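For reference, the structure is listed below as structure tokens.
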Number of protein chains: 2
Amino acid sequence: MSTEFMTEHSTEYKVIGTRPVRHDGSDKVTGKAVYTDDLHLPNMAFGAFVRSPHAHAKIVSIDTSQAEDMPGVLATCTSADLPDPWDKVDDLGEGCVNYAHLSGNVLARGKALYKGHAVAAVVATDSHLAEEAASRIRVEYEPLPATTWVLDAMKEDAPLLHDDLITHTLDDAPAKPSNIESHIRFEKGNIEEGFAAADVIVEREFKTATVHQGYIEPHVSVASWNEDGRLKIWTATQGSFVVRQQMAALLKMPISQITIVPCEIGGGFGGKISVYEQPVAAVLSRKCGRPVKIIMRRDEVFEATGPTPGSFMRVKIGATKEGKLTAGEAWLAFDAGAFPGGVIGPGCMCVFSCYDLPNAAVDGFDVVLNKPKTQAYRAPGSTHVAFAAESVIDELAVQLDIDPIEFRLKNAAVEGTRRVDGPVYPRVGLVECLEAVKNSEHWKSTLSGPNRGRGVACGFWFNAGLKSSVTASVNPDGTVTLVEGSTDIGGTRTSIAMQLAETLGISAEDVIPQVADTDSVGFTDVTGGSRTTFATGLAAHEAALDIQRQMMERAAQIWECDTGDVEVREGVYRGNDESLTFSELALKADSVGEAIIGRGAVDPQVSTNAFAVHLVDVEVDPETGKVTILRYTASQDAGTAIHPSYVEGQIQGGSVQGIGWALNEEYFYDDDGHVRNASFLDYRMPTCYDVPMIETIIVEVPNPDHPYGVRGVGEVSIVPPPPAIASAIQRATGIRLTDLPMSPPKLWRAINNGE
Amino acid sequence: MSTEFMTEHSTEYKVIGTRPVRHDGSDKVTGKAVYTDDLHLPNMAFGAFVRSPHAHAKIVSIDTSQAEDMPGVLATCTSADLPDPWDKVDDLGEGCVNYAHLSGNVLARGKALYKGHAVAAVVATDSHLAEEAASRIRVEYEPLPATTWVLDAMKEDAPLLHDDLITHTLDDAPAKPSNIESHIRFEKGNIEEGFAAADVIVEREFKTATVHQGYIEPHVSVASWNEDGRLKIWTATQGSFVVRQQMAALLKMPISQITIVPCEIGGGFGGKISVYEQPVAAVLSRKCGRPVKIIMRRDEVFEATGPTPGSFMRVKIGATKEGKLTAGEAWLAFDAGAFPGGVIGPGCMCVFSCYDLPNAAVDGFDVVLNKPKTQAYRAPGSTHVAFAAESVIDELAVQLDIDPIEFRLKNAAVEGTRRVDGPVYPRVGLVECLEAVKNSEHWKSTLSGPNRGRGVACGFWFNAGLKSSVTASVNPDGTVTLVEGSTDIGGTRTSIAMQLAETLGISAEDVIPQVADTDSVGFTDVTGGSRTTFATGLAAHEAALDIQRQMMERAAQIWECDTGDVEVREGVYRGNDESLTFSELALKADSVGEAIIGRGAVDPQVSTNAFAVHLVDVEVDPETGKVTILRYTASQDAGTAIHPSYVEGQIQGGSVQGIGWALNEEYFYDDDGHVRNASFLDYRMPTCYDVPMIETIIVEVPNPDHPYGVRGVGEVSIVPPPPAIASAIQRATGIRLTDLPMSPPKLWRAINNGE
């Protein structure tokens with residue numbers, strides 16, 4: 001597959017824009033990379049959970065005695081073994097966390113709030129024994145009515161999950177406890193006047209199902225709580241320092257008593273930021289005096305981690321007959337799962353983020369109900385709202401008979417556009433992405449044949465800044481070791497190393513990157529929020545400049561001239577009529593002095609935005625309701641594509657996940673609030689047989705706030721697929737589906753019953 | 001036990017001089033510290049060696065086919081699997097290494113040069129299978145005459161080990177191949193005139209036996225040679241970067257393709273600098289595609305690693321009747337084991353190093369013979385020569401009837417004294433150590449009773465500088481993580497952390513030190529040469545200053561003042577009428593910006609010297625020849641004792657090892673050149689039942705070239721025990737023994753036969 005590029009950036013880069021083999025590639029494909037479950041510590045014991053069989057129940061009693069009497073069982077624990085929770089709230093970079101709630105999610109306190117909620121745990125000398133012992137822990141429950149649909153949970157008479165949950169209302173009016181944790185409202189302009197100026201208004205209601213991040217590797221950790229009070233945890237996480245913060249808060253101990261070792265991670269997508277089994281492994285280790293490994297089964301992963309909210313959304317947008325948007329209104333209810341703190345915030349910020357909408361209002365509700373606590377999932381909240389807003393935009397284009405790309409181009413957000421939640425865009429690349437699709441061979445091609453349709457949709461997501469740290473040391477052979485705090489999920493070892501290499505004028509292969517534990521590198525926020533290649537890349541650039549300064553000093557020392565007389569360009573140092581390449585100088589530098597170490601730490605106060613525009617051709621089988629993706633093209637503004645293959649990979653991976661949301665993925669809840677498809681056999685994710693090769697167009701509108709113009713690329717491509725596919729289905733069948741997933745049964749019913 | 005101190009240093013330190021619990025203490029005593037043998041990698045295989053049963057033999061053929069046919073056997077290797085050796089020589093900080101010889105020592109090439117010399121190796125799915133397979137590798141030998149005594153090996157008709165070994169003579173005269181690798185000669189003044197001026201001249205000959213470093217943990221490593229060519233080795237070593245250099249040279253690959261992970265180390269004493277099993281584990285890993293662990297058996301450790309040279313020495317010293325030394329002459333022959341490169345160099349430098357000797361000449365010979373290649377062992381070479389020189393000095397004192405301490409005080413090396421090999425001493429503390437012993441309660445006490453005697457002796461050793469690197473990061477809770485390249489054998493995590501803490505004005509417990517792998521920290525030389533607390537402490541001090549500068553900038557930012565207006569004293573930052581402790585500022589700094597990271601890299605071009613003076617009371621059992629140590633006092637100049645408990649520990653550990661050399665330890669070689677006591681059952685090391693508590697006097701004459709006055713303390717206390725005990729035996733029995741060890745049979749014979 002050839003990549004299309006549409007670039008504005010300098011073409012003088014030597015390393016950036018090339019496609020070196022990833023540094024961890026060989027280890028990954030040969031099975032030598034060390035994942036947490038590969039760890040075997042001497043004397044290690046194994047933990048297992050007892051989980052609630054009820055979606056909502058009072059925990060009357062827990063009797064661990066039978067389990068504890070079993071030979072080989074070392075200890076048990078319940079929420080009583082965790083310190084009393086309290087209301088400390090931290091911003092972890094991908095959303096705030098309330099530690100009382102987090103503690104209650106780790107081990108249920110008084111009530112089980114969803115099927116699969118952890119209630120107790122046990123540790124034994126082997127994992128089978130631990131499972132057996134878990135089955136012998138007797139928990140007496142008093143079942144309570146449960147609810148798993150967001151609108152039901154908002155009702156006055158809905159079963160209350162938390163007695164003390166008072167809605168954070170817009171005014172300070174007192175409110176009685178409810179399942180509605182918060183109500184967000186954003187306004188811009190005057191929506192009454194805006195809708196009055198519209199020639200056409202479309203208003204629709206949308207629903208989305210709960211879906212899971214679906215990472216291959218389940219949650220797993222090994223904890224060793226030593227006799228001197230120091231706790232070490234090896235785990236699969238998106239952010240080792242964030243796990244350290246959560247562990248310190250949950251266990252009420254200083255962060256400096258805890259070391260988190262991030263092992264290789266088999267996918268996260270936002271779902272490996274919160275802790276689950278880690279605190280339990282730690283407590284069990286303290287109680288039994290051994291290292292403890294806990295690995296969650298797949299059904300536990302589905303039932304008790306992840307997922308993304310189910311949602312109900314109502315979106316109304318008006319436009320003039322010339323195709324100019326006049327006003328938009330959105331009413332969004334997202335479930336948060338069993339504890340507050342869902343992704344309604346970004347949902348509200350994203351719903352109209354692609355357009356220059358003069359008048360807008362957004363209401364958002366964060367609602368608790370008897371499902372697992374929701375977590376971030378790739379552009380969290382944006383996929384939901386794009387399905388609603390882009391479907392309405394598309395319907396407006398249809399009603400106004402305007403080409404859907406042209407309609408978007410007329411209204412696209414540009415530099416200077418103010419979003420409904422306030423911020424004004426810096427230079428962004430939505431127009432360029434739309435133009436790229438418009439100029440694509442795919443768009444110019446003709447789609448013919450019955451039951452076929454073509455859809456287009458836009459997507460938006462933020463790029464966070466946050467803190468990143470690296471150190472780097474020069475080897476005498478001219479290579480540079482790089483220690484970074486960012487866990488590597490999608491190839492960031494290489495995308496960060498390439499920026500260090502570019503700045504130093506060496507090759508990507510001459511950098512040896514390594515993800516370090518929390519005692520070995522400065523504080524670094526999560527790998528999430530599309531920030532890592534941007535912010536940790538910036539830190540690597542700073543470390544490279546620090547090294548370069550020292551190399552110039554060393555060159556001056558060797559050449560017996562002033563440092564000011566040394567120049568460097570593309571890795572060649574010149575001064576006093578002499579010149580040395582980086583590696584030549586590294587060898588000489590080693591022979592005359594101490595090691596050269598660079599450090600880089602950043603906390604960029606700027607952030608930027610990523611836009612994507614997707615184009616899809618589908619064919620609907622009217623006999624079964626099955627949708628086949630015929631062709632798929634995804635354009636995205638990468639700012640500057642450091643490693644184009646990884647940008648393509650992110651675009652393709654995000655697109656395929658979005659296709660999963662669009663067509664198949666959902667938790668099937670029964671009336672008792674049980675997930676009935678908690679396995680990869682029954683939870684239908686797309687496979688390579690379900691999708692064609694995703695064609696990518698990398699658009700490069702450099703980010704002015706990064707030395708190499710980087711924008712984060714990891715998330716936004718999950719956003720456009722549902723509305724793009726919905727619009728394509730509409731073109732193929734005349735039917736606009738408003739309920740995700742648009743699975744064969746739903747589409748078949750719509751085709752056959754006129755739903 | 002209370003420590004005596006004799007100090008000249010500032011008493012204003014808050015952390016230095018205190019005795020915090022060592023950071024790795026709990027892990028060590030609870031068994032949680034990870035030693036190499038604790039590693040279990042997925043799919044790991046196990047290696048075993050085939051070793052020569054002959055002390056000297058031509059290898060006619062090696063047939064590995066029977067072993068390779070065994071189910072579970074994965075691969076075999078011989079020297080043919082190592083790249084052709086070549087004559088690259090590196091200075092590893094504790095002596096130079098010739099890689100052709102190192103390669104030949106790792107796996108014999110053509111000839112086996114000592115009993116236990118590795119000839120081949122095999123890897124299998126378990127270690128028992130590997131041992132069995134090793135026994136099925138058929139090696140055909142053609143035995144050759146062998147020699148294990150240095151004077152025999154120097155003879156013209158001695159069996160030649162290497163056909164191409166030409167003595168590096170003092171002149172350029174051609175020489176025919178011999179076992180004498182080098183002849184060193186140092187001269188000062190005019191020894192003829194010096195001896196002519198003497199009233200008394202004593203000349204004696206001395207012998208020392210081969211002894212082993214005797215670390216508890218045998219050599220062990222795990223190697224994983226990955227498909228992309230990267231090699232990772234976990235091993236017990238004194239210097240991870242030095243292992244990296246050796247591996248790169250032996251395997252002819254770039255250093256940057258190799259990562260060395262230093263695991264905890266169960267003792268080294270100089271014997272864990274050279275590689276043994278590591279290259280073999282690597283080659284086997286490459287051949288079988290799995291991680292490979294090799295752990296050496298204790299008999300392999302005795303027969304094929306370590307030991308220190310056996311030696312023959314002749315020393316002649318003259319003095320005036322007033323007790324002033326006039327001249328000294330030494331003729332020293334040290335064996336190097338099977339390959340050249342022994343410790344004759346430092347032996348020659350040390351022999352007269354304690355005294356201001358106006359005229360001196362030293363001849364030293366490095367001799368190969370059929371014993372394992374010798375290695376550094378705590379103050380390598382100095383223990384040998386001190387036995388000779390201090391015994392002669394003592395005999396002079398006896399003949400002149402001068403108190404042995406007063407005699408030494410008359411002649412002690414001081415600032416400005418020039419050593420026979422050239423260097424002039426900076427401020428040193430020998431006189432202070434002698435005074436400390438003279439003023440000790442022990443010296444003032446009366447020793448009475450039959451067969452009892454008191455001896456005193458001095459010792460000298462160098463402190464190396466060399467390269468060290470650290471990085472350090474500030475946690476928001478005011479603690480600081482410290483990443484260092486120096487492997488921690490004797491508590492250096494803490495002694496280095498304490499220097500960082502002192503500079504920053506925080507507590508030792510607020511530093512979290514960690515020994516990192518070669519990809520995670522800048523180049524750092526071996527933990528050896530008494531350099532680590534000195535040089536890596538200096539690097540930590542630099543990192544602390546780097547942090548302090550940034551903390552001052554951050555404080556200025558918070559207080560909105562100029563950085564120049566911020567002051568810091570003992571960890572309290574003041575400016576703009578405000579003040580914050582380090583930890584308060586750390587928290588605020590975290591809230592306003594990026595992580596604070598400090599770096600420190602040093603390559604000190606200064607080095608210093610350590611002196612020790614020991615005092616011992618013994619009682620000899622004339623019936624058995626057994627010597628009982630009644631009381632032992634060791635004084636040593638520590639410069640500044642960072643952690644006095646560790647200084648005491650080093651003094652005590654060195655003293656006990658020296659007592660082992662003095663009284664019991666030796667390799668028993670039979671006529672075939674086989675060691676007959678290659679086990680801890682038969683190789684007699686002192687236990688806690690053999691020695692009283694060693695009383696210590698820490699003398700503190702600060703090193704002017706270190707901000708905290710540190711001198712290395714790890715080695716010199718092994719030096720004085722043999723001559724101190726020999727002199728004590730002389731006082732008890734009238735017999736001066738000149739042959740180490742002064743074991744019961746030897747002393748019994750001397751008492752009974754007048755030997």
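Starting from 1 in every chain, residues are counted up; chains themselves are A, B, ... following the order of the structure tokens, and ligands are numbered from 1 as listed.
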Inset, instruction - Within 6 Å of region 520-529 of chain B, counting only C-alpha atoms, which residues show up once you throw out same-chain ones fewer than 3 positions away? Write them as a ChimeraX atom specification, please. - result: /A:473,483,595 /B:238-239,463-464,467-469,485-486,516-517,532
Inset, instruction - Can you list, as a PyMOL selection string, all residues belonging to region 349-557 of chain A that DSSP tags as alpha helix (DSSP H)? - result: chain A and resi 349-350+382-400+404-411+430-438+441-444+492-504+537-557
Kindly save the residues from that selection, with C-alpha atoms included, as a PDB file, in the first residue's frame.
ATOM      1  CA  MET A 349     -16.616  19.635  24.143  1.00  0.00           C
ATOM      2  CA  CYS A 350     -16.444  17.502  21.004  1.00  0.00           C
ATOM      3  CA  SER A 382     -15.918  11.941  20.805  1.00  0.00           C
ATOM      4  CA  THR A 383     -16.971   8.758  19.003  1.00  0.00           C
ATOM      5  CA  HIS A 384     -20.389   8.934  20.662  1.00  0.00           C
ATOM      6  CA  VAL A 385     -21.111  12.530  19.824  1.00  0.00           C
ATOM      7  CA  ALA A 386     -19.687  12.400  16.311  1.00  0.00           C
ATOM      8  CA  PHE A 387     -22.142   9.630  15.529  1.00  0.00           C
ATOM      9  CA  ALA A 388     -24.947  12.006  16.521  1.00  0.00           C
ATOM     10  CA  ALA A 389     -23.653  15.306  15.164  1.00  0.00           C
ATOM     11  CA  GLU A 390     -22.173  14.008  11.899  1.00  0.00           C
ATOM     12  CA  SER A 391     -25.348  12.012  11.183  1.00  0.00           C
ATOM     13  CA  VAL A 392     -27.387  15.215  11.559  1.00  0.00           C
ATOM     14  CA  ILE A 393     -24.893  17.181   9.460  1.00  0.00           C
ATOM     15  CA  ASP A 394     -25.142  14.545   6.779  1.00  0.00           C
ATOM     16  CA  GLU A 395     -28.934  14.628   6.856  1.00  0.00           C
ATOM     17  CA  LEU A 396     -28.800  18.413   6.498  1.00  0.00           C
ATOM     18  CA  ALA A 397     -26.544  18.031   3.469  1.00  0.00           C
ATOM     19  CA  VAL A 398     -28.986  15.528   1.975  1.00  0.00           C
ATOM     20  CA  GLN A 399     -31.972  17.776   2.630  1.00  0.00           C
ATOM     21  CA  LEU A 400     -30.160  20.797   1.206  1.00  0.00           C
ATOM     22  CA  PRO A 404     -21.406  16.342   1.970  1.00  0.00           C
ATOM     23  CA  ILE A 405     -17.758  17.383   1.644  1.00  0.00           C
ATOM     24  CA  GLU A 406     -18.638  20.794   0.252  1.00  0.00           C
ATOM     25  CA  PHE A 407     -21.199  21.249   3.030  1.00  0.00           C
ATOM     26  CA  ARG A 408     -18.512  20.501   5.620  1.00  0.00           C
ATOM     27  CA  LEU A 409     -15.968  22.740   3.874  1.00  0.00           C
ATOM     28  CA  LYS A 410     -18.446  25.635   4.086  1.00  0.00           C
ATOM     29  CA  ASN A 411     -18.613  25.238   7.845  1.00  0.00           C
ATOM     30  CA  LEU A 430      -9.647  19.953   9.136  1.00  0.00           C
ATOM     31  CA  VAL A 431     -10.017  21.803   5.829  1.00  0.00           C
ATOM     32  CA  GLU A 432      -6.860  20.128   4.563  1.00  0.00           C
ATOM     33  CA  CYS A 433      -8.218  16.705   5.531  1.00  0.00           C
ATOM     34  CA  LEU A 434     -11.505  17.440   3.735  1.00  0.00           C
ATOM     35  CA  GLU A 435      -9.610  18.618   0.670  1.00  0.00           C
ATOM     36  CA  ALA A 436      -7.417  15.527   0.799  1.00  0.00           C
ATOM     37  CA  VAL A 437     -10.464  13.278   0.704  1.00  0.00           C
ATOM     38  CA  LYS A 438     -12.091  15.405  -1.956  1.00  0.00           C
ATOM     39  CA  GLU A 441      -8.907   8.739  -6.107  1.00  0.00           C
ATOM     40  CA  HIS A 442     -11.481   7.051  -3.899  1.00  0.00           C
ATOM     41  CA  TRP A 443     -13.787  10.108  -3.813  1.00  0.00           C
ATOM     42  CA  LYS A 444     -13.343  10.625  -7.527  1.00  0.00           C
ATOM     43  CA  THR A 492       6.610   5.549  20.817  1.00  0.00           C
ATOM     44  CA  ARG A 493      10.042   4.205  21.727  1.00  0.00           C
ATOM     45  CA  THR A 494      10.844   4.718  18.081  1.00  0.00           C
ATOM     46  CA  SER A 495       8.862   7.902  17.402  1.00  0.00           C
ATOM     47  CA  ILE A 496      10.579   9.549  20.393  1.00  0.00           C
ATOM     48  CA  ALA A 497      14.001   8.125  19.539  1.00  0.00           C
ATOM     49  CA  MET A 498      13.640   9.492  16.001  1.00  0.00           C
ATOM     50  CA  GLN A 499      13.214  13.022  17.330  1.00  0.00           C
ATOM     51  CA  LEU A 500      16.314  12.646  19.503  1.00  0.00           C
ATOM     52  CA  ALA A 501      18.156  11.310  16.444  1.00  0.00           C
ATOM     53  CA  GLU A 502      16.961  14.132  14.193  1.00  0.00           C
ATOM     54  CA  THR A 503      18.148  16.768  16.645  1.00  0.00           C
ATOM     55  CA  LEU A 504      21.532  15.098  17.142  1.00  0.00           C
ATOM     56  CA  GLY A 537       9.250  13.807  21.799  1.00  0.00           C
ATOM     57  CA  LEU A 538       9.690  17.381  22.976  1.00  0.00           C
ATOM     58  CA  ALA A 539      11.529  16.122  26.068  1.00  0.00           C
ATOM     59  CA  ALA A 540      13.799  14.016  23.842  1.00  0.00           C
ATOM     60  CA  HIS A 541      14.489  17.075  21.695  1.00  0.00           C
ATOM     61  CA  GLU A 542      15.490  18.988  24.843  1.00  0.00           C
ATOM     62  CA  ALA A 543      17.750  16.158  25.986  1.00  0.00           C
ATOM     63  CA  ALA A 544      19.358  16.156  22.546  1.00  0.00           C
ATOM     64  CA  LEU A 545      20.037  19.878  22.780  1.00  0.00           C
ATOM     65  CA  ASP A 546      21.535  19.317  26.237  1.00  0.00           C
ATOM     66  CA  ILE A 547      23.831  16.636  24.787  1.00  0.00           C
ATOM     67  CA  GLN A 548      24.701  18.856  21.832  1.00  0.00           C
ATOM     68  CA  ARG A 549      25.785  21.688  24.116  1.00  0.00           C
ATOM     69  CA  GLN A 550      28.106  19.335  26.001  1.00  0.00           C
ATOM     70  CA  MET A 551      29.445  17.827  22.781  1.00  0.00           C
ATOM     71  CA  MET A 552      30.293  21.327  21.587  1.00  0.00           C
ATOM     72  CA  GLU A 553      32.123  22.015  24.842  1.00  0.00           C
ATOM     73  CA  ARG A 554      34.011  18.765  24.517  1.00  0.00           C
ATOM     74  CA  ALA A 555      34.899  19.562  20.902  1.00  0.00           C
ATOM     75  CA  ALA A 556      36.209  22.939  22.011  1.00  0.00           C
ATOM     76  CA  GLN A 557      38.289  21.215  24.675  1.00  0.00           C
TER      77      GLN A 557
END
Can you pull out the residues contacting region 152-168 of chain B? Cut-off 12 Å, using only C-alpha atoms, and skip same-chain residues under 3 positions away; I want them as a short mmCIF file (atom, residue, chain, number, x, y, z; two decimals) with N, CA and C atoms, in the first residue's frame.
data_model
loop_
_atom_site.label_atom_id
_atom_site.label_comp_id
_atom_site.auth_asym_id
_atom_site.auth_seq_id
_atom_site.Cartn_x
_atom_site.Cartn_y
_atom_site.Cartn_z
N ALA B 55 46.28 -30.31 33.94
CA ALA B 55 46.81 -28.97 34.20
C ALA B 55 47.43 -28.36 32.95
N HIS B 56 47.81 -29.20 32.01
CA HIS B 56 48.44 -28.72 30.79
C HIS B 56 48.29 -29.82 29.75
N ALA B 57 47.62 -29.52 28.67
CA ALA B 57 47.40 -30.57 27.68
C ALA B 57 47.03 -29.96 26.34
N LYS B 58 47.50 -30.62 25.31
CA LYS B 58 47.05 -30.27 23.97
C LYS B 58 45.66 -30.87 23.76
N HIS B 101 43.89 -13.28 25.10
CA HIS B 101 44.05 -14.13 26.27
C HIS B 101 42.73 -14.36 26.97
N GLY B 104 40.83 -16.90 25.16
CA GLY B 104 41.42 -18.23 25.39
C GLY B 104 41.15 -18.74 26.78
N ARG B 109 41.77 -22.68 23.64
CA ARG B 109 42.00 -22.66 22.20
C ARG B 109 43.27 -23.47 21.92
N GLY B 110 43.11 -24.71 21.54
CA GLY B 110 44.28 -25.54 21.20
C GLY B 110 44.89 -26.27 22.38
N LYS B 111 45.06 -25.56 23.48
CA LYS B 111 45.65 -26.19 24.67
C LYS B 111 44.81 -25.84 25.89
N ALA B 112 44.73 -26.79 26.81
CA ALA B 112 44.19 -26.49 28.14
C ALA B 112 45.36 -26.12 29.01
N LEU B 113 45.26 -24.99 29.70
CA LEU B 113 46.42 -24.45 30.41
C LEU B 113 46.36 -24.64 31.91
N TYR B 114 45.25 -25.12 32.41
CA TYR B 114 45.17 -25.43 33.84
C TYR B 114 44.03 -26.40 34.06
N PRO B 143 48.41 -34.92 27.20
CA PRO B 143 48.92 -34.23 28.39
C PRO B 143 50.35 -33.72 28.20
N LEU B 144 50.63 -32.59 28.81
CA LEU B 144 51.96 -31.95 28.75
C LEU B 144 52.44 -31.73 30.17
N PRO B 145 53.75 -31.57 30.35
CA PRO B 145 54.25 -31.28 31.70
C PRO B 145 53.70 -29.94 32.19
N ALA B 146 53.46 -29.86 33.49
CA ALA B 146 52.84 -28.66 34.05
C ALA B 146 53.68 -28.13 35.20
N THR B 147 53.49 -26.84 35.48
CA THR B 147 54.17 -26.25 36.62
C THR B 147 53.23 -25.30 37.33
N THR B 148 53.30 -25.31 38.67
CA THR B 148 52.40 -24.46 39.44
C THR B 148 53.15 -23.59 40.44
N TRP B 149 54.48 -23.56 40.40
CA TRP B 149 55.24 -22.71 41.32
C TRP B 149 56.03 -21.70 40.51
N ASP B 171 65.16 -3.50 28.52
CA ASP B 171 65.76 -2.98 27.29
C ASP B 171 65.05 -3.63 26.12
N ASP B 172 65.48 -3.34 24.93
CA ASP B 172 64.81 -3.88 23.76
C ASP B 172 65.50 -5.13 23.24
N ALA B 173 66.30 -5.72 24.09
CA ALA B 173 67.02 -6.92 23.66
C ALA B 173 66.05 -8.02 23.27
N PRO B 174 66.31 -8.70 22.17
CA PRO B 174 65.43 -9.81 21.81
C PRO B 174 65.52 -10.91 22.85
N ALA B 175 64.43 -11.55 23.07
CA ALA B 175 64.40 -12.63 24.05
C ALA B 175 63.65 -13.80 23.43
N LYS B 176 63.98 -14.99 23.87
CA LYS B 176 63.25 -16.13 23.34
C LYS B 176 61.99 -16.33 24.19
N PRO B 177 61.00 -17.01 23.65
CA PRO B 177 59.77 -17.21 24.40
C PRO B 177 60.04 -17.83 25.76
N SER B 178 59.30 -17.37 26.75
CA SER B 178 59.43 -17.91 28.10
C SER B 178 58.10 -17.77 28.79
N ASN B 179 58.07 -18.14 30.06
CA ASN B 179 56.85 -17.93 30.84
C ASN B 179 56.85 -16.58 31.55
N ILE B 180 57.93 -15.84 31.36
CA ILE B 180 58.00 -14.53 32.02
C ILE B 180 57.44 -13.49 31.07
N GLU B 181 56.31 -12.93 31.43
CA GLU B 181 55.66 -11.99 30.52
C GLU B 181 56.28 -10.62 30.61
N SER B 182 56.61 -10.18 31.81
CA SER B 182 57.17 -8.84 31.90
C SER B 182 58.10 -8.71 33.09
N HIS B 183 58.98 -7.78 32.99
CA HIS B 183 59.90 -7.45 34.05
C HIS B 183 59.78 -5.94 34.28
N ILE B 184 59.34 -5.59 35.46
CA ILE B 184 59.17 -4.18 35.82
C ILE B 184 60.34 -3.81 36.72
N ARG B 185 60.87 -2.59 36.57
CA ARG B 185 61.89 -2.14 37.51
C ARG B 185 61.65 -0.68 37.85
N GLY B 310 50.22 -16.79 43.57
CA GLY B 310 51.25 -17.25 44.47
C GLY B 310 52.49 -16.40 44.18
N SER B 311 53.36 -16.23 45.16
CA SER B 311 54.49 -15.34 44.91
C SER B 311 55.76 -15.78 45.66
N PHE B 312 56.85 -15.34 45.09
CA PHE B 312 58.14 -15.43 45.77
C PHE B 312 58.70 -14.01 45.84
N ALA B 333 58.50 -11.97 42.35
CA ALA B 333 58.00 -12.80 41.25
C ALA B 333 56.59 -13.25 41.61
N PHE B 334 55.63 -12.78 40.82
CA PHE B 334 54.21 -13.14 41.05
C PHE B 334 53.76 -14.04 39.92
N ASP B 335 53.02 -15.06 40.26
CA ASP B 335 52.45 -15.79 39.13
C ASP B 335 51.19 -15.07 38.66
N ALA B 336 50.92 -15.21 37.35
CA ALA B 336 49.75 -14.57 36.74
C ALA B 336 48.69 -15.60 36.42
N GLY B 337 48.98 -16.87 36.76
CA GLY B 337 48.10 -17.93 36.29
C GLY B 337 48.45 -18.24 34.85
N ALA B 338 47.49 -18.78 34.14
CA ALA B 338 47.76 -19.32 32.80
C ALA B 338 47.95 -18.26 31.73
N PHE B 339 47.54 -17.03 32.01
CA PHE B 339 47.68 -15.96 31.03
C PHE B 339 48.36 -14.77 31.68
N PRO B 340 49.12 -14.01 30.90
CA PRO B 340 49.83 -12.87 31.48
C PRO B 340 48.85 -11.80 31.99
N GLY B 341 49.40 -10.87 32.74
CA GLY B 341 48.58 -9.76 33.20
C GLY B 341 48.19 -9.91 34.65
N GLY B 364 60.23 -6.58 39.42
CA GLY B 364 59.03 -7.42 39.49
C GLY B 364 58.88 -8.24 38.23
N PHE B 365 58.40 -9.47 38.39
CA PHE B 365 58.23 -10.39 37.27
C PHE B 365 56.82 -10.95 37.26
N ASP B 366 56.20 -10.92 36.09
CA ASP B 366 54.87 -11.46 35.88
C ASP B 366 55.06 -12.79 35.14
N VAL B 367 54.65 -13.88 35.75
CA VAL B 367 55.03 -15.20 35.26
C VAL B 367 53.79 -16.06 35.03
N VAL B 368 53.71 -16.66 33.86
CA VAL B 368 52.58 -17.57 33.61
C VAL B 368 52.95 -18.99 34.00
N LEU B 369 51.93 -19.71 34.48
CA LEU B 369 52.11 -21.12 34.85
C LEU B 369 50.75 -21.79 34.83
N ASN B 370 50.70 -23.06 35.18
CA ASN B 370 49.48 -23.84 34.95
C ASN B 370 48.50 -23.74 36.11
N LYS B 371 48.05 -22.54 36.35
CA LYS B 371 47.03 -22.30 37.36
C LYS B 371 46.00 -21.36 36.74
#
Inset, instruction - Pick out the chain A residues within 8 Å of chain B. Count only C-alpha atoms. Give them as an MDAnalysis selection string. - result: chainID A and resid 26:27 30 32 38:42 226:228 254:256 467:469 471:475 477 479 481:483 512 514 516 519:524 593:603
Inset, instruction - Select from region 175-239 of chain A everything DSSP, run on the backbone, classes as strand (DSSP E), then give the selection as a ChimeraX atom specification. - result: /A:180-188,200-208,220-225,231-235
